[in-house]
Amino acid sequence: MLLVSWAPVGLKRVPLTLAILCVSIGVTVFSSGLLSFNPDPRTWDTATERLTELVVIISLMGAGLKLDRPPGWRRWATTWRLLIVAMPLTIAAVAFLGWAGLGFSLAMALLFGASMAPTDPVLAADVQVGPPKSGDEDEVRFGLTSEAGLNDALAFPFVHLAILAAAGGLATQDGLTDWFTIKVGWKLLAGLGAGWLIGRILGHLLFRSRRGLSRLGDGLIALAATLIAYAVTELVHGYGFLAVFVCAVTIRASERDHDFHQEMHDFSDQIERLLMMLLLVLFGGALANGLLSSLTWTDALIGLAVVFVVRPVAGLIAMTGSSQPWRERLLLAFLGIRGVGSVYYLAYGINHGDFGDSERIWAVVGFIILVSIIVHGVTATPLLARLARRREADAA
């Protein structure tokens, strides 16, 4: 807890992040032999799925609350480009690398691609917009924040497609029809509709009712809103990730400039950072206990290609024709951080489908996340600071 409170301030002048520090602590502690517990996600598959699920939805609530920009087709043009173009290209390219380069089955390759699709809302805090009304919302930070808020849900249909492939359903018309109508159509619409409706109700209770709950000044309401939106949407078989983010954006829109948004965001942020610290320490412990033991040189090269080639190229293609300067397009393409969301989707897919031995895919995904934590963690802050200075100089 002290690290969560102090590290962001103490690490400002050094090329380290809280994520790197937590992984290092996990590796050190679990390598020392002081703990006999082995936090391997391949052993604790259900716990891994549930814990990552919780931290992702809390992160999505915080991401939605801190977006100052109202939703709109033109205002969110960068977001739509990254979602409609960059994400499918990333899934297709990563799946191809898994199939052709790693020898994965079609089902495993699709799961690999879907797991690598989301820009992580948890580990991407350093590249996201600032708190509500802070003014720290340039196009790069806005694009990465809004993309992370939405593509965690939009990657889900591809995970279900991988599960369908593992069950042999790709060869049947009924399987594909069910996937398209239910896993794509209904679940997305239910997530969007339930999130909007719950956000409208909570927004009214918070800001417009006679006894506005915002007067209580209790940020715990943010956690309540997160869990209500997620649970109700899951009950109607929608995508809860989408509902939580839409709920947060709708609550913010109900009274955009109210100071209570800051209270809710701060509470969500604190809970998110605590859970993130726990997950990353456990991730470090898994590394110390052999998570990457089955990794080969081919696996490592393909992992590096995912980070340094696939996402940047897909991002640049998505931003073709954009009015953004070249340096901003490059940062939007490069800073597609992979992390907790990828762990969740991989755990979910393996827990709900028959993919066979998962040791190798866990090693490759773990390696990609480790590389992303280090590379993006070290470079994100100075790159964005340099961009801000360049923008100020151009304005002057």
# chains A, B, ... in the order shown; residues from 1 in each chain; ligands from 1
>>> residues_around(residues="Gly103 of chain A", least_positions_apart="6", cutoff="12 Å", atoms="only C-alpha atoms", output="number ranges by chain")
A: 95-97, 109, 112, 298-299, 302, 360-361
>>> write_last_selection(atoms="all heavy atoms", output="mmCIF file, in the first residue's frame")
data_model
loop_
_atom_site.group_PDB
_atom_site.id
_atom_site.type_symbol
_atom_site.label_atom_id
_atom_site.label_comp_id
_atom_site.auth_asym_id
_atom_site.auth_seq_id
_atom_site.Cartn_x
_atom_site.Cartn_y
_atom_site.Cartn_z
ATOM 1 N N ALA A 95 -2.966 -14.074 -34.870
ATOM 2 C CA ALA A 95 -3.465 -15.435 -35.089
ATOM 3 C C ALA A 95 -2.664 -16.139 -36.183
ATOM 4 O O ALA A 95 -2.330 -17.327 -36.060
ATOM 5 C CB ALA A 95 -4.946 -15.401 -35.458
ATOM 6 N N PHE A 96 -2.329 -15.409 -37.246
ATOM 7 C CA PHE A 96 -1.520 -15.991 -38.313
ATOM 8 C C PHE A 96 -0.125 -16.377 -37.802
ATOM 9 O O PHE A 96 0.390 -17.458 -38.123
ATOM 10 C CB PHE A 96 -1.397 -15.020 -39.483
ATOM 11 C CG PHE A 96 -0.503 -15.516 -40.594
ATOM 12 C CD1 PHE A 96 -0.959 -16.470 -41.489
ATOM 13 C CD2 PHE A 96 0.810 -15.061 -40.715
ATOM 14 C CE1 PHE A 96 -0.141 -16.946 -42.507
ATOM 15 C CE2 PHE A 96 1.630 -15.524 -41.714
ATOM 16 C CZ PHE A 96 1.162 -16.475 -42.617
ATOM 17 N N LEU A 97 0.480 -15.514 -37.006
ATOM 18 C CA LEU A 97 1.791 -15.826 -36.440
ATOM 19 C C LEU A 97 1.712 -17.051 -35.525
ATOM 20 O O LEU A 97 2.622 -17.886 -35.508
ATOM 21 C CB LEU A 97 2.320 -14.629 -35.648
ATOM 22 C CG LEU A 97 2.785 -13.421 -36.476
ATOM 23 C CD1 LEU A 97 3.164 -12.270 -35.556
ATOM 24 C CD2 LEU A 97 3.956 -13.789 -37.372
ATOM 25 N N ALA A 109 -4.683 -20.526 -32.165
ATOM 26 C CA ALA A 109 -4.197 -19.310 -32.824
ATOM 27 C C ALA A 109 -5.213 -18.185 -32.692
ATOM 28 O O ALA A 109 -4.851 -17.023 -32.454
ATOM 29 C CB ALA A 109 -3.894 -19.598 -34.289
ATOM 30 N N PHE A 112 -5.032 -16.895 -29.214
ATOM 31 C CA PHE A 112 -3.816 -16.099 -29.098
ATOM 32 C C PHE A 112 -4.048 -14.692 -29.669
ATOM 33 O O PHE A 112 -3.711 -13.683 -29.049
ATOM 34 C CB PHE A 112 -2.684 -16.815 -29.842
ATOM 35 C CG PHE A 112 -1.347 -16.133 -29.759
ATOM 36 C CD1 PHE A 112 -0.909 -15.539 -28.584
ATOM 37 C CD2 PHE A 112 -0.515 -16.108 -30.871
ATOM 38 C CE1 PHE A 112 0.338 -14.916 -28.511
ATOM 39 C CE2 PHE A 112 0.732 -15.496 -30.816
ATOM 40 C CZ PHE A 112 1.154 -14.897 -29.633
ATOM 41 N N THR A 298 12.027 -19.157 -31.043
ATOM 42 C CA THR A 298 10.969 -18.813 -32.004
ATOM 43 C C THR A 298 9.813 -18.114 -31.317
ATOM 44 O O THR A 298 9.292 -17.107 -31.814
ATOM 45 C CB THR A 298 10.457 -20.085 -32.712
ATOM 46 O OG1 THR A 298 11.546 -20.720 -33.382
ATOM 47 C CG2 THR A 298 9.369 -19.745 -33.716
ATOM 48 N N ASP A 299 9.416 -18.639 -30.155
ATOM 49 C CA ASP A 299 8.344 -18.015 -29.385
ATOM 50 C C ASP A 299 8.700 -16.576 -29.024
ATOM 51 O O ASP A 299 7.873 -15.658 -29.135
ATOM 52 C CB ASP A 299 8.075 -18.806 -28.111
ATOM 53 C CG ASP A 299 7.650 -20.234 -28.381
ATOM 54 O OD1 ASP A 299 7.249 -20.529 -29.517
ATOM 55 O OD2 ASP A 299 7.739 -21.064 -27.455
ATOM 56 N N ILE A 302 8.572 -14.189 -32.061
ATOM 57 C CA ILE A 302 7.198 -13.860 -32.435
ATOM 58 C C ILE A 302 6.573 -12.935 -31.388
ATOM 59 O O ILE A 302 5.823 -12.010 -31.725
ATOM 60 C CB ILE A 302 6.382 -15.149 -32.622
ATOM 61 C CG1 ILE A 302 6.815 -15.819 -33.926
ATOM 62 C CG2 ILE A 302 4.882 -14.860 -32.616
ATOM 63 C CD1 ILE A 302 6.097 -17.080 -34.256
ATOM 64 N N ARG A 360 2.497 -23.725 -23.559
ATOM 65 C CA ARG A 360 3.280 -22.887 -24.465
ATOM 66 C C ARG A 360 2.625 -21.533 -24.702
ATOM 67 O O ARG A 360 3.308 -20.503 -24.734
ATOM 68 C CB ARG A 360 3.471 -23.613 -25.796
ATOM 69 C CG ARG A 360 4.531 -22.956 -26.675
ATOM 70 C CD ARG A 360 4.733 -23.716 -27.951
ATOM 71 N NE ARG A 360 5.716 -23.097 -28.813
ATOM 72 C CZ ARG A 360 5.840 -23.355 -30.111
ATOM 73 N NH1 ARG A 360 5.034 -24.252 -30.681
ATOM 74 N NH2 ARG A 360 6.752 -22.738 -30.833
ATOM 75 N N ILE A 361 1.300 -21.508 -24.859
ATOM 76 C CA ILE A 361 0.651 -20.222 -25.109
ATOM 77 C C ILE A 361 0.742 -19.329 -23.875
ATOM 78 O O ILE A 361 0.907 -18.107 -23.985
ATOM 79 C CB ILE A 361 -0.820 -20.410 -25.562
ATOM 80 C CG1 ILE A 361 -1.369 -19.070 -26.087
ATOM 81 C CG2 ILE A 361 -1.689 -20.962 -24.456
ATOM 82 C CD1 ILE A 361 -2.740 -19.168 -26.716
#
>>> select_by_dssp(residues="segment 147-381 of chain A", states="alpha helix (DSSP H)", output="ChimeraX atom specification")
/A:147-154,156-166,173-178,187-203,220-235,240-254,260-288,297-305,311-318,326-334,340-352,359-381
>>> closest_atom_pairs(of="segment 223-267 of chain A", to="segment 144-162 of chain A", cutoff="12 Å", atoms="only C-alpha atoms", output="Markdown table")
| residue | atom | partner | partner_atom | distance |
| --- | --- | --- | --- | --- |
| A:Tyr230 | CA | A:Ala153 | CA | 11.8 |
| A:Gly238 | CA | A:Ala153 | CA | 10.0 |
| A:Tyr239 | CA | A:Ala153 | CA | 6.4 |
| A:Gly240 | CA | A:Ala153 | CA | 7.7 |
| A:Phe241 | CA | A:Ala153 | CA | 5.2 |
| A:Leu242 | CA | A:Ala153 | CA | 5.1 |
| A:Ala243 | CA | A:Ala153 | CA | 8.7 |
| A:Val244 | CA | A:Gly149 | CA | 9.0 |
| A:Phe245 | CA | A:Gly149 | CA | 6.0 |
| A:Val246 | CA | A:Leu150 | CA | 8.5 |
| A:Cys247 | CA | A:Gly149 | CA | 11.2 |
| A:Ala248 | CA | A:Gly149 | CA | 10.0 |
| A:Val249 | CA | A:Gly149 | CA | 9.9 |
>>> closest_residue(among="A:Leu67, A:Leu332, A:Val85, A:Ile221", to="Pro132 of chain A", atoms="only C-alpha atoms")
A:Leu67
>>> closest_residue(among="A:Leu295, A:Val313, A:Val378, A:Ala385", to="Leu102 of chain A", atoms="only C-alpha atoms")
A:Leu295
>>> atom_distance(atom1="atom CA of Ile91 of chain A", atom2="atom CA of Leu278 of chain A")
28.5 Å
>>> closest_residue(among="A:Leu227, A:Val365, A:Ile20, A:Asn289", to="Leu3 of chain A", atoms="only C-alpha atoms")
A:Ile20
>>> residues_around(residues="Tyr345 of chain A", least_positions_apart="2", cutoff="8 Å", atoms="only C-alpha atoms", output="list in words")
Glu49, Ala114, Ser115, Phe156, Val159, Gly341, Ser342, Val343, Ala347, Tyr348 and Gly349 of chain A
